[in-house]
>>> print(open('structure22.csv').read())   # CSV, C-alpha atoms
chain,number,residue,atom,x,y,z
E,1,MET,CA,0.0,0.0,0.0
E,2,PRO,CA,1.3,3.5,-0.7
E,3,GLY,CA,2.4,5.5,2.2
E,4,PRO,CA,0.9,8.8,3.3
E,5,VAL,CA,1.2,11.8,0.9
E,6,PRO,CA,4.1,14.0,1.9
E,7,PRO,CA,2.9,17.4,3.3
E,8,THR,CA,4.6,19.2,0.4
E,9,GLN,CA,2.8,17.2,-2.2
E,10,ALA,CA,-0.5,17.5,-0.3
E,11,ALA,CA,-0.1,21.3,-0.4
E,12,GLY,CA,0.8,21.0,-4.1
E,13,LEU,CA,-2.3,19.0,-4.8
E,14,VAL,CA,-4.6,21.6,-3.1
E,15,LEU,CA,-2.9,24.4,-5.1
E,16,ILE,CA,-3.1,22.6,-8.5
E,17,VAL,CA,-6.8,21.6,-8.0
E,18,ALA,CA,-7.6,25.2,-7.1
E,19,SER,CA,-5.7,26.4,-10.1
E,20,TYR,CA,-7.4,24.1,-12.6
E,21,THR,CA,-10.8,24.6,-11.0
E,22,LEU,CA,-10.5,28.4,-11.3
E,23,TRP,CA,-9.5,28.0,-15.0
E,24,GLY,CA,-12.6,25.7,-15.5
E,25,LEU,CA,-14.9,28.3,-13.9
E,26,LEU,CA,-13.8,31.1,-16.2
E,27,PRO,CA,-16.8,30.7,-18.6
E,28,LEU,CA,-19.2,31.7,-15.8
E,29,TYR,CA,-17.0,34.7,-15.0
E,30,PHE,CA,-17.0,35.9,-18.6
E,31,LEU,CA,-20.8,35.6,-18.7
E,32,THR,CA,-21.0,38.1,-15.9
E,33,LEU,CA,-19.1,40.6,-18.1
E,34,GLU,CA,-21.9,41.0,-20.7
E,35,PRO,CA,-22.6,43.2,-22.5
E,36,SER,CA,-18.8,43.5,-23.0
E,37,GLY,CA,-17.7,41.8,-26.2
E,38,PRO,CA,-14.8,39.3,-26.6
E,39,PHE,CA,-12.4,41.9,-28.1
E,40,GLU,CA,-12.9,44.4,-25.3
E,41,ILE,CA,-12.7,41.7,-22.6
E,42,VAL,CA,-9.4,40.4,-24.1
E,43,ALA,CA,-8.0,43.9,-24.4
E,44,TRP,CA,-8.7,44.7,-20.8
E,45,ARG,CA,-7.5,41.3,-19.8
E,46,VAL,CA,-4.1,41.9,-21.5
E,47,VAL,CA,-3.7,45.5,-20.2
E,48,LEU,CA,-4.8,44.7,-16.6
E,49,SER,CA,-2.8,41.5,-16.5
E,50,LEU,CA,0.3,43.4,-17.4
E,51,LEU,CA,-0.4,46.0,-14.7
E,52,PHE,CA,-1.0,43.3,-12.1
E,53,CYS,CA,2.2,41.4,-13.1
E,54,VAL,CA,4.2,44.6,-12.8
E,55,LEU,CA,2.7,45.2,-9.4
E,56,LEU,CA,3.6,41.7,-8.3
E,57,LEU,CA,7.2,42.1,-9.6
E,58,ALA,CA,7.4,45.3,-7.6
E,59,LEU,CA,6.1,43.7,-4.4
E,60,THR,CA,8.4,40.6,-4.8
E,61,ARG,CA,11.4,42.6,-6.1
E,62,GLY,CA,11.4,40.4,-9.2
E,63,TRP,CA,13.2,42.9,-11.4
E,64,VAL,CA,16.4,40.9,-11.6
E,65,PRO,CA,14.7,37.8,-13.3
E,66,LEU,CA,12.8,40.2,-15.6
E,67,LEU,CA,16.0,42.0,-16.7
E,68,GLY,CA,17.6,38.6,-17.2
E,69,ALA,CA,14.8,37.6,-19.5
E,70,LEU,CA,14.9,40.9,-21.4
E,71,ARG,CA,18.5,40.4,-22.2
E,72,ASP,CA,17.8,37.0,-23.7
E,73,ARG,CA,16.9,37.6,-27.3
E,74,ARG,CA,15.7,34.1,-27.9
E,75,ALA,CA,13.5,34.1,-24.9
E,76,MET,CA,12.0,37.4,-25.9
E,77,LEU,CA,11.2,36.2,-29.4
E,78,LEU,CA,9.7,33.0,-28.1
E,79,LEU,CA,7.6,34.8,-25.5
E,80,GLY,CA,6.4,37.2,-28.2
E,81,ALA,CA,5.4,34.2,-30.3
E,82,ALA,CA,3.6,32.8,-27.3
E,83,GLY,CA,1.8,36.1,-26.9
E,84,SER,CA,0.6,35.9,-30.4
E,85,PHE,CA,-1.1,32.6,-29.7
E,86,ILE,CA,-2.7,34.1,-26.6
E,87,MET,CA,-4.3,36.6,-28.9
E,88,VAL,CA,-5.8,33.7,-30.8
E,89,SER,CA,-6.9,31.5,-27.9
E,90,TRP,CA,-8.3,34.2,-25.5
E,91,PRO,CA,-10.8,35.8,-27.9
E,92,THR,CA,-11.9,32.4,-29.2
E,93,TYR,CA,-12.4,31.1,-25.6
E,94,ILE,CA,-14.3,34.2,-24.5
E,95,PHE,CA,-16.4,34.1,-27.7
E,96,ALA,CA,-17.3,30.5,-27.0
E,97,ALA,CA,-18.3,31.4,-23.4
E,98,LEU,CA,-20.5,34.3,-24.5
E,99,SER,CA,-22.1,32.5,-27.4
E,100,GLY,CA,-23.2,29.4,-25.6
E,101,GLN,CA,-20.5,27.1,-26.9
E,102,VAL,CA,-18.7,26.2,-23.6
E,103,VAL,CA,-18.9,22.4,-24.3
E,104,GLU,CA,-17.0,22.9,-27.6
E,105,ALA,CA,-14.4,25.0,-25.8
E,106,ALA,CA,-14.0,22.1,-23.3
E,107,LEU,CA,-13.5,19.8,-26.2
E,108,GLY,CA,-10.6,22.0,-27.4
E,109,TYR,CA,-8.8,21.6,-24.0
E,110,PHE,CA,-9.5,17.9,-24.0
E,111,LEU,CA,-7.8,17.7,-27.4
E,112,THR,CA,-4.8,19.9,-26.4
E,113,PRO,CA,-2.6,17.0,-25.0
E,114,ILE,CA,-3.1,15.1,-28.3
E,115,ILE,CA,-2.3,18.2,-30.4
E,116,THR,CA,0.8,18.7,-28.3
E,117,VAL,CA,1.9,15.1,-29.1
E,118,LEU,CA,1.3,15.8,-32.8
E,119,LEU,CA,3.4,19.0,-32.6
E,120,GLY,CA,6.2,17.0,-31.0
E,121,VAL,CA,6.2,14.8,-34.2
E,122,LEU,CA,5.8,17.6,-36.7
E,123,VAL,CA,8.0,20.3,-35.2
E,124,LEU,CA,10.4,18.5,-32.9
E,125,ARG,CA,10.7,15.3,-35.0
E,126,GLU,CA,9.9,13.1,-32.1
E,127,ARG,CA,8.9,9.5,-32.6
E,128,LEU,CA,5.7,8.1,-31.2
E,129,ARG,CA,5.1,4.9,-29.3
E,130,PRO,CA,2.3,2.5,-30.5
E,131,ALA,CA,-0.1,3.6,-27.7
E,132,GLN,CA,0.4,7.3,-28.8
E,133,TRP,CA,-0.5,6.4,-32.3
E,134,VAL,CA,-3.6,4.6,-31.1
E,135,SER,CA,-4.6,7.7,-29.1
E,136,ILE,CA,-4.2,10.0,-32.2
E,137,THR,CA,-6.1,7.6,-34.4
E,138,VAL,CA,-9.0,7.4,-31.9
E,139,SER,CA,-9.0,11.2,-31.7
E,140,ALA,CA,-9.2,11.5,-35.4
E,141,ILE,CA,-12.2,9.2,-35.4
E,142,ALA,CA,-13.7,11.3,-32.6
E,143,ALA,CA,-13.3,14.4,-34.6
E,144,LEU,CA,-15.2,12.9,-37.5
E,145,VAL,CA,-18.0,11.8,-35.2
E,146,LEU,CA,-18.2,15.2,-33.6
E,147,ALA,CA,-18.3,16.9,-37.0
E,148,VAL,CA,-21.4,14.8,-37.8
E,149,GLY,CA,-22.8,15.7,-34.4
E,150,TYR,CA,-22.3,19.4,-34.7
E,151,GLY,CA,-23.2,19.4,-38.4
E,152,ARG,CA,-20.0,21.3,-39.1
E,153,VAL,CA,-16.3,21.1,-38.3
E,154,PRO,CA,-15.8,22.1,-34.5
E,155,PHE,CA,-13.7,25.1,-35.4
E,156,ILE,CA,-13.7,26.5,-31.8
E,157,ALA,CA,-12.3,23.3,-30.4
E,158,ILE,CA,-9.7,23.0,-33.1
E,159,VAL,CA,-8.6,26.6,-32.9
E,160,LEU,CA,-8.3,26.4,-29.1
E,161,ALA,CA,-6.4,23.1,-29.2
E,162,VAL,CA,-3.9,24.2,-31.8
E,163,ALA,CA,-3.4,27.7,-30.4
E,164,PHE,CA,-2.8,26.4,-26.9
E,165,GLY,CA,-0.6,23.5,-28.2
E,166,LEU,CA,1.6,26.0,-30.0
E,167,TYR,CA,1.6,28.3,-26.9
E,168,SER,CA,2.8,25.3,-24.8
E,169,LEU,CA,5.5,24.6,-27.4
E,170,MET,CA,6.8,28.1,-27.3
E,171,LYS,CA,6.8,28.1,-23.5
E,172,GLN,CA,8.6,24.7,-23.5
E,173,GLN,CA,11.3,26.2,-25.7
E,174,VAL,CA,11.8,29.0,-23.3
E,175,GLY,CA,12.4,26.5,-20.5
E,176,ARG,CA,12.0,26.7,-16.8
E,177,HIS,CA,14.5,29.5,-16.4
E,178,VAL,CA,11.9,32.1,-17.0
E,179,ASP,CA,9.6,32.7,-14.0
E,180,PRO,CA,5.9,32.3,-14.8
E,181,VAL,CA,5.1,35.9,-13.8
E,182,VAL,CA,8.1,37.3,-15.7
E,183,GLY,CA,7.0,35.2,-18.7
E,184,LEU,CA,3.4,36.5,-18.6
E,185,THR,CA,4.7,40.1,-18.1
E,186,ILE,CA,6.7,39.9,-21.3
E,187,GLU,CA,3.9,38.2,-23.2
E,188,THR,CA,1.3,40.8,-22.3
E,189,ALA,CA,3.9,43.6,-22.8
E,190,TRP,CA,4.3,42.4,-26.4
E,191,LEU,CA,0.5,42.5,-26.8
E,192,ALA,CA,-0.2,45.8,-25.0
E,193,PRO,CA,0.2,48.2,-28.0
E,194,LEU,CA,-2.2,46.1,-30.0
E,195,THR,CA,-4.8,45.8,-27.3
E,196,ILE,CA,-4.5,49.5,-26.4
E,197,ALA,CA,-5.2,50.2,-30.1
E,198,VAL,CA,-8.2,47.9,-30.0
E,199,LEU,CA,-9.6,49.8,-27.0
E,200,ALA,CA,-9.1,53.1,-28.8
E,201,VAL,CA,-10.9,51.9,-31.9
E,202,LEU,CA,-13.8,50.5,-29.7
E,203,ALA,CA,-14.0,53.8,-27.8
E,204,ALA,CA,-14.2,55.7,-31.1
E,205,THR,CA,-16.8,53.4,-32.7
E,206,THR,CA,-19.2,51.3,-30.6
E,207,GLY,CA,-18.0,52.7,-27.3
E,208,LEU,CA,-16.4,51.0,-24.2
E,209,THR,CA,-18.6,49.2,-21.7
E,210,LEU,CA,-16.3,49.9,-18.8
E,211,GLY,CA,-18.0,52.2,-16.3
E,212,GLY,CA,-21.3,52.3,-18.2
E,213,HIS,CA,-23.2,49.3,-16.8
E,214,GLY,CA,-23.1,49.7,-13.0
E,215,THR,CA,-20.6,49.3,-10.2
E,216,THR,CA,-20.7,45.4,-10.2
E,217,HIS,CA,-19.9,45.2,-13.9
E,218,THR,CA,-17.1,47.7,-13.7
E,219,THR,CA,-15.6,45.9,-10.7
E,220,LEU,CA,-15.7,42.5,-12.4
E,221,LEU,CA,-14.2,43.9,-15.6
E,222,LEU,CA,-11.4,45.6,-13.7
E,223,ALA,CA,-10.7,42.3,-11.8
E,224,VAL,CA,-10.1,40.4,-15.0
E,225,GLY,CA,-6.3,40.9,-14.7
E,226,VAL,CA,-6.3,39.3,-11.2
E,227,VAL,CA,-8.6,36.5,-12.4
E,228,THR,CA,-6.1,35.8,-15.2
E,229,VAL,CA,-2.9,35.8,-13.1
E,230,LEU,CA,-4.2,34.1,-9.9
E,231,PRO,CA,-4.6,30.6,-11.4
E,232,LEU,CA,-1.1,30.9,-13.0
E,233,LEU,CA,0.4,31.8,-9.6
E,234,LEU,CA,-1.3,28.8,-8.0
E,235,PHE,CA,-0.1,26.5,-10.7
E,236,ALA,CA,3.4,27.8,-10.5
E,237,SER,CA,3.5,27.2,-6.8
E,238,ALA,CA,2.0,23.7,-7.2
E,239,ALA,CA,4.5,22.8,-10.0
E,240,ARG,CA,7.4,23.3,-7.5
E,241,ARG,CA,5.9,20.7,-5.1
E,242,LEU,CA,4.6,18.0,-7.5
E,243,PRO,CA,6.2,15.5,-9.9
E,244,LEU,CA,5.4,16.1,-13.6
E,245,THR,CA,3.4,12.9,-13.8
E,246,LEU,CA,1.0,14.0,-11.2
E,247,ILE,CA,0.7,17.4,-12.8
E,248,GLY,CA,-0.2,15.7,-16.1
E,249,LEU,CA,-2.9,13.6,-14.4
E,250,THR,CA,-4.6,16.7,-13.0
E,251,GLN,CA,-4.7,18.7,-16.2
E,252,TYR,CA,-8.1,17.4,-17.2
E,253,ILE,CA,-9.8,19.1,-14.2
E,254,SER,CA,-10.3,22.3,-16.1
E,255,PRO,CA,-12.0,20.9,-19.2
E,256,ILE,CA,-14.1,18.6,-17.0
E,257,VAL,CA,-15.4,21.6,-15.1
E,258,GLN,CA,-16.0,23.5,-18.3
E,259,PHE,CA,-17.9,20.5,-19.8
E,260,LEU,CA,-20.1,20.2,-16.6
E,261,ILE,CA,-20.8,23.9,-16.7
E,262,GLY,CA,-21.9,23.7,-20.4
E,263,VAL,CA,-24.1,20.6,-19.9
E,264,LEU,CA,-25.5,21.0,-16.4
E,265,ILE,CA,-25.7,24.8,-15.9
E,266,LEU,CA,-25.9,26.4,-19.4
E,267,ARG,CA,-27.9,23.4,-20.7
E,268,GLU,CA,-26.1,23.2,-24.1
E,269,PRO,CA,-27.5,20.5,-26.3
E,270,MET,CA,-25.7,17.1,-26.2
E,271,PRO,CA,-27.1,14.7,-28.9
E,272,VAL,CA,-26.0,11.1,-29.0
E,273,GLU,CA,-23.3,11.9,-31.7
E,274,ARG,CA,-21.6,14.4,-29.3
E,275,TRP,CA,-21.7,11.9,-26.4
E,276,VAL,CA,-20.1,9.3,-28.6
E,277,GLY,CA,-17.5,11.8,-29.9
E,278,PHE,CA,-16.6,12.9,-26.4
E,279,ALA,CA,-16.4,9.3,-25.2
E,280,LEU,CA,-13.9,8.5,-28.0
E,281,VAL,CA,-11.8,11.6,-27.0
E,282,TRP,CA,-11.8,10.5,-23.3
E,283,VAL,CA,-10.7,7.0,-24.4
E,284,ALA,CA,-7.9,8.5,-26.4
E,285,LEU,CA,-6.9,10.6,-23.4
E,286,ILE,CA,-6.9,7.6,-21.1
E,287,VAL,CA,-4.6,5.7,-23.5
E,288,LEU,CA,-2.3,8.7,-23.9
E,289,THR,CA,-2.2,9.4,-20.1
E,290,MET,CA,-1.5,5.8,-19.1
E,291,ASP,CA,1.2,5.6,-21.8
E,292,LEU,CA,2.9,8.8,-20.5
E,293,TYR,CA,2.5,7.6,-16.9
E,294,TRP,CA,4.0,4.2,-17.4
E,295,GLY,CA,6.7,5.6,-19.7
E,296,ARG,CA,7.9,7.8,-16.8
E,297,ARG,CA,7.9,4.8,-14.4
E,298,LEU,CA,10.2,2.8,-16.6
E,299,PRO,CA,13.8,2.3,-15.3
E,300,ARG,CA,16.1,4.8,-16.9
E,301,SER,CA,18.0,2.1,-18.8
E,302,ARG,CA,14.8,0.9,-20.5
E,303,ARG,CA,13.5,4.5,-21.1
E,304,THR,CA,16.6,5.6,-23.0
E,305,ALA,CA,16.3,2.5,-25.2
E,306,GLU,CA,12.9,3.5,-26.4
E,307,PRO,CA,12.2,6.2,-29.1
E,308,PRO,CA,11.6,9.7,-27.6
>>> encode(input="structure22.csv", output="structure tokens")
Amino acid sequence: MPGPVPPTQAAGLVLIVASYTLWGLLPLYFLTLEPSGPFEIVAWRVVLSLLFCVLLLALTRGWVPLLGALRDRRAMLLLGAAGSFIMVSWPTYIFAALSGQVVEAALGYFLTPIITVLLGVLVLRERLRPAQWVSITVSAIAALVLAVGYGRVPFIAIVLAVAFGLYSLMKQQVGRHVDPVVGLTIETAWLAPLTIAVLAVLAATTGLTLGGHGTTHTTLLLAVGVVTVLPLLLFASAARRLPLTLIGLTQYISPIVQFLIGVLILREPMPVERWVGFALVWVALIVLTMDLYWGRRLPRSRRTAEPP
């Protein structure tokens, strides 16, 4: 029988469950921001996240790591690329929440680990194990079934999965030497000029909703930066306490919460074809997760003999 969970890992589990749960609850938060549109919400999210990150760096005296990252040209370019994928995934996700397509957004995050594996093959020239090929094949079948169920290609899910997969790839290339808050500070700084321009255009055309729909709406919209950064800080703190395998096994909490919100709270339709498609995706994820889990448990001598 396994022994008791070490206190450090127990604290890490609490932190990572809180992090993924908060990420999963974001659709409900974005719904409270109506009548703000996706582009205004994203613009405020970028600007206010940048301000909150700068405040955190000031409070924690994190200027040294920031200056170190700013001197690293490769890290700066990779974080800029990561920021560009944020500008794809954030508006798409918020649009899904505001338009009653939370279940499809959840599908995108269920597909993300599989897309990440595919990117490893296409970009990093990694070789897949048989179980990983099975997972990808089952996912492809699931995509066809879901396309039939939706009556169209599930574009939101595909865009979210690819954008977040590419974002993860950029962050992986940066490595762990860039602090999460420093990384988000640089990413949002890259995007700040564009989002400020978006706010200016909206102000000159349709008008900004900030301050025009009551104190509660204004407070919630101003809190979007804190809501963005807080789960990241919880995750970063948990990552220092947990093994990578355990982190991988908890990554499905967020899309599960999103899926439950879409089905049970927002009452989005789930015909039989969608249930079958989601079931196939979950089978593919179980195969992929178990393969990664057992791959990490192999003795080093066996692991190095296998294809990466």
>>> closest_atom_pairs(input="structure22.csv", of="segment 128-212 of chain E", to="segment 29-33 of chain E", cutoff="12 Å", atoms="all atoms listed in the file", output="CSV")
residue,atom,partner,partner_atom,distance
E:Thr209,CA,E:Leu33,CA,9.3
E:Leu210,CA,E:Leu33,CA,9.7
E:Gly211,CA,E:Leu33,CA,11.8
E:Gly212,CA,E:Leu33,CA,11.9
>>> closest_atom_pairs(input="structure22.csv", of="segment 150-175 of chain E", to="segment 277-287 of chain E", cutoff="12 Å", atoms="all atoms listed in the file", output="tab-separated table")
residue	atom	partner	partner_atom	distance
E:Tyr150	CA	E:Gly277	CA	10.2
E:Pro154	CA	E:Gly277	CA	11.4
E:Ala157	CA	E:Phe278	CA	11.9
>>> atom_distance(input="structure22.csv", atom1="atom CA of Pro193 of chain E", atom2="atom CA of Ser99 of chain E")
27.3 Å
>>> closest_atom_pairs(input="structure22.csv", of="segment 34-83 of chain E", to="segment 176-191 of chain E", cutoff="9 Å", atoms="all atoms listed in the file", output="CSV")
residue,atom,partner,partner_atom,distance
E:Ala43,CA,E:Leu191,CA,8.9
E:Val46,CA,E:Thr188,CA,5.6
E:Val47,CA,E:Thr188,CA,7.2
E:Ser49,CA,E:Thr188,CA,7.1
E:Leu50,CA,E:Thr185,CA,5.5
E:Leu51,CA,E:Thr185,CA,8.5
E:Phe52,CA,E:Thr185,CA,8.9
E:Cys53,CA,E:Thr185,CA,5.7
E:Val54,CA,E:Thr185,CA,7.0
E:Leu56,CA,E:Val181,CA,8.1
E:Leu57,CA,E:Val181,CA,7.8
E:Gly62,CA,E:Val182,CA,7.9
E:Trp63,CA,E:Val182,CA,8.7
E:Pro65,CA,E:Val182,CA,7.0
E:Leu66,CA,E:Val182,CA,5.5
E:Gly68,CA,E:Val178,CA,8.6
E:Ala69,CA,E:Val178,CA,6.7
E:Leu70,CA,E:Ile186,CA,8.3
E:Ala75,CA,E:Val178,CA,8.3
E:Met76,CA,E:Ile186,CA,7.4
E:Leu79,CA,E:Glu187,CA,5.5
E:Gly80,CA,E:Glu187,CA,5.7
E:Ala81,CA,E:Glu187,CA,8.3
E:Ala82,CA,E:Glu187,CA,6.8
E:Gly83,CA,E:Glu187,CA,4.7
>>> write_last_selection(input="structure22.csv", atoms="C-alpha atoms", output="PDB file, in the coordinates of the input")
ATOM      1  CA  ALA E  43      -8.000  43.900 -24.400  1.00  0.00           C
ATOM      2  CA  VAL E  46      -4.100  41.900 -21.500  1.00  0.00           C
ATOM      3  CA  VAL E  47      -3.700  45.500 -20.200  1.00  0.00           C
ATOM      4  CA  SER E  49      -2.800  41.500 -16.500  1.00  0.00           C
ATOM      5  CA  LEU E  50       0.300  43.400 -17.400  1.00  0.00           C
ATOM      6  CA  LEU E  51      -0.400  46.000 -14.700  1.00  0.00           C
ATOM      7  CA  PHE E  52      -1.000  43.300 -12.100  1.00  0.00           C
ATOM      8  CA  CYS E  53       2.200  41.400 -13.100  1.00  0.00           C
ATOM      9  CA  VAL E  54       4.200  44.600 -12.800  1.00  0.00           C
ATOM     10  CA  LEU E  56       3.600  41.700  -8.300  1.00  0.00           C
ATOM     11  CA  LEU E  57       7.200  42.100  -9.600  1.00  0.00           C
ATOM     12  CA  GLY E  62      11.400  40.400  -9.200  1.00  0.00           C
ATOM     13  CA  TRP E  63      13.200  42.900 -11.400  1.00  0.00           C
ATOM     14  CA  PRO E  65      14.700  37.800 -13.300  1.00  0.00           C
ATOM     15  CA  LEU E  66      12.800  40.200 -15.600  1.00  0.00           C
ATOM     16  CA  GLY E  68      17.600  38.600 -17.200  1.00  0.00           C
ATOM     17  CA  ALA E  69      14.800  37.600 -19.500  1.00  0.00           C
ATOM     18  CA  LEU E  70      14.900  40.900 -21.400  1.00  0.00           C
ATOM     19  CA  ALA E  75      13.500  34.100 -24.900  1.00  0.00           C
ATOM     20  CA  MET E  76      12.000  37.400 -25.900  1.00  0.00           C
ATOM     21  CA  LEU E  79       7.600  34.800 -25.500  1.00  0.00           C
ATOM     22  CA  GLY E  80       6.400  37.200 -28.200  1.00  0.00           C
ATOM     23  CA  ALA E  81       5.400  34.200 -30.300  1.00  0.00           C
ATOM     24  CA  ALA E  82       3.600  32.800 -27.300  1.00  0.00           C
ATOM     25  CA  GLY E  83       1.800  36.100 -26.900  1.00  0.00           C
TER      26      GLY E  83
END
>>> atom_distance(input="structure22.csv", atom1="atom CA of Val103 of chain E", atom2="atom CA of Phe259 of chain E")
5.0 Å
>>> closest_residue(input="structure22.csv", among="E:Ile41, E:Leu15, E:Tyr20, E:Leu233", to="Leu199 of chain E", atoms="only C-alpha atoms")
E:Ile41
>>> closest_residue(input="structure22.csv", among="E:Gly100, E:Val14, E:Thr21, E:Leu144", to="Val276 of chain E", atoms="all atoms listed in the file")
E:Leu144
>>> atom_distance(input="structure22.csv", atom1="atom CA of Gly165 of chain E", atom2="atom CA of Leu98 of chain E")
22.9 Å
>>> closest_residue(input="structure22.csv", among="E:Pro27, E:Glu40, E:Arg61, E:Gly12", to="Thr206 of chain E", atoms="only C-alpha atoms")
E:Glu40
>>> closest_residue(input="structure22.csv", among="E:Leu28, E:Ala142, E:Leu119, E:Ile196", to="Leu48 of chain E", atoms="all atoms listed in the file")
E:Ile196
>>> residues_near_point(input="structure22.csv", point="(-14.6, 21.8, -30.6)", cutoff="10 Å", atoms="only C-alpha atoms", output="MDAnalysis selection string")
chainID E and resid 96 101:111 143 146:147 150 153:161
>>> write_last_selection(input="structure22.csv", atoms="C-alpha atoms", output="CSV table (one decimal), in the coordinates of the input")
chain,number,residue,atom,x,y,z
E,96,ALA,CA,-17.3,30.5,-27.0
E,101,GLN,CA,-20.5,27.1,-26.9
E,102,VAL,CA,-18.7,26.2,-23.6
E,103,VAL,CA,-18.9,22.4,-24.3
E,104,GLU,CA,-17.0,22.9,-27.6
E,105,ALA,CA,-14.4,25.0,-25.8
E,106,ALA,CA,-14.0,22.1,-23.3
E,107,LEU,CA,-13.5,19.8,-26.2
E,108,GLY,CA,-10.6,22.0,-27.4
E,109,TYR,CA,-8.8,21.6,-24.0
E,110,PHE,CA,-9.5,17.9,-24.0
E,111,LEU,CA,-7.8,17.7,-27.4
E,143,ALA,CA,-13.3,14.4,-34.6
E,146,LEU,CA,-18.2,15.2,-33.6
E,147,ALA,CA,-18.3,16.9,-37.0
E,150,TYR,CA,-22.3,19.4,-34.7
E,153,VAL,CA,-16.3,21.1,-38.3
E,154,PRO,CA,-15.8,22.1,-34.5
E,155,PHE,CA,-13.7,25.1,-35.4
E,156,ILE,CA,-13.7,26.5,-31.8
E,157,ALA,CA,-12.3,23.3,-30.4
E,158,ILE,CA,-9.7,23.0,-33.1
E,159,VAL,CA,-8.6,26.6,-32.9
E,160,LEU,CA,-8.3,26.4,-29.1
E,161,ALA,CA,-6.4,23.1,-29.2
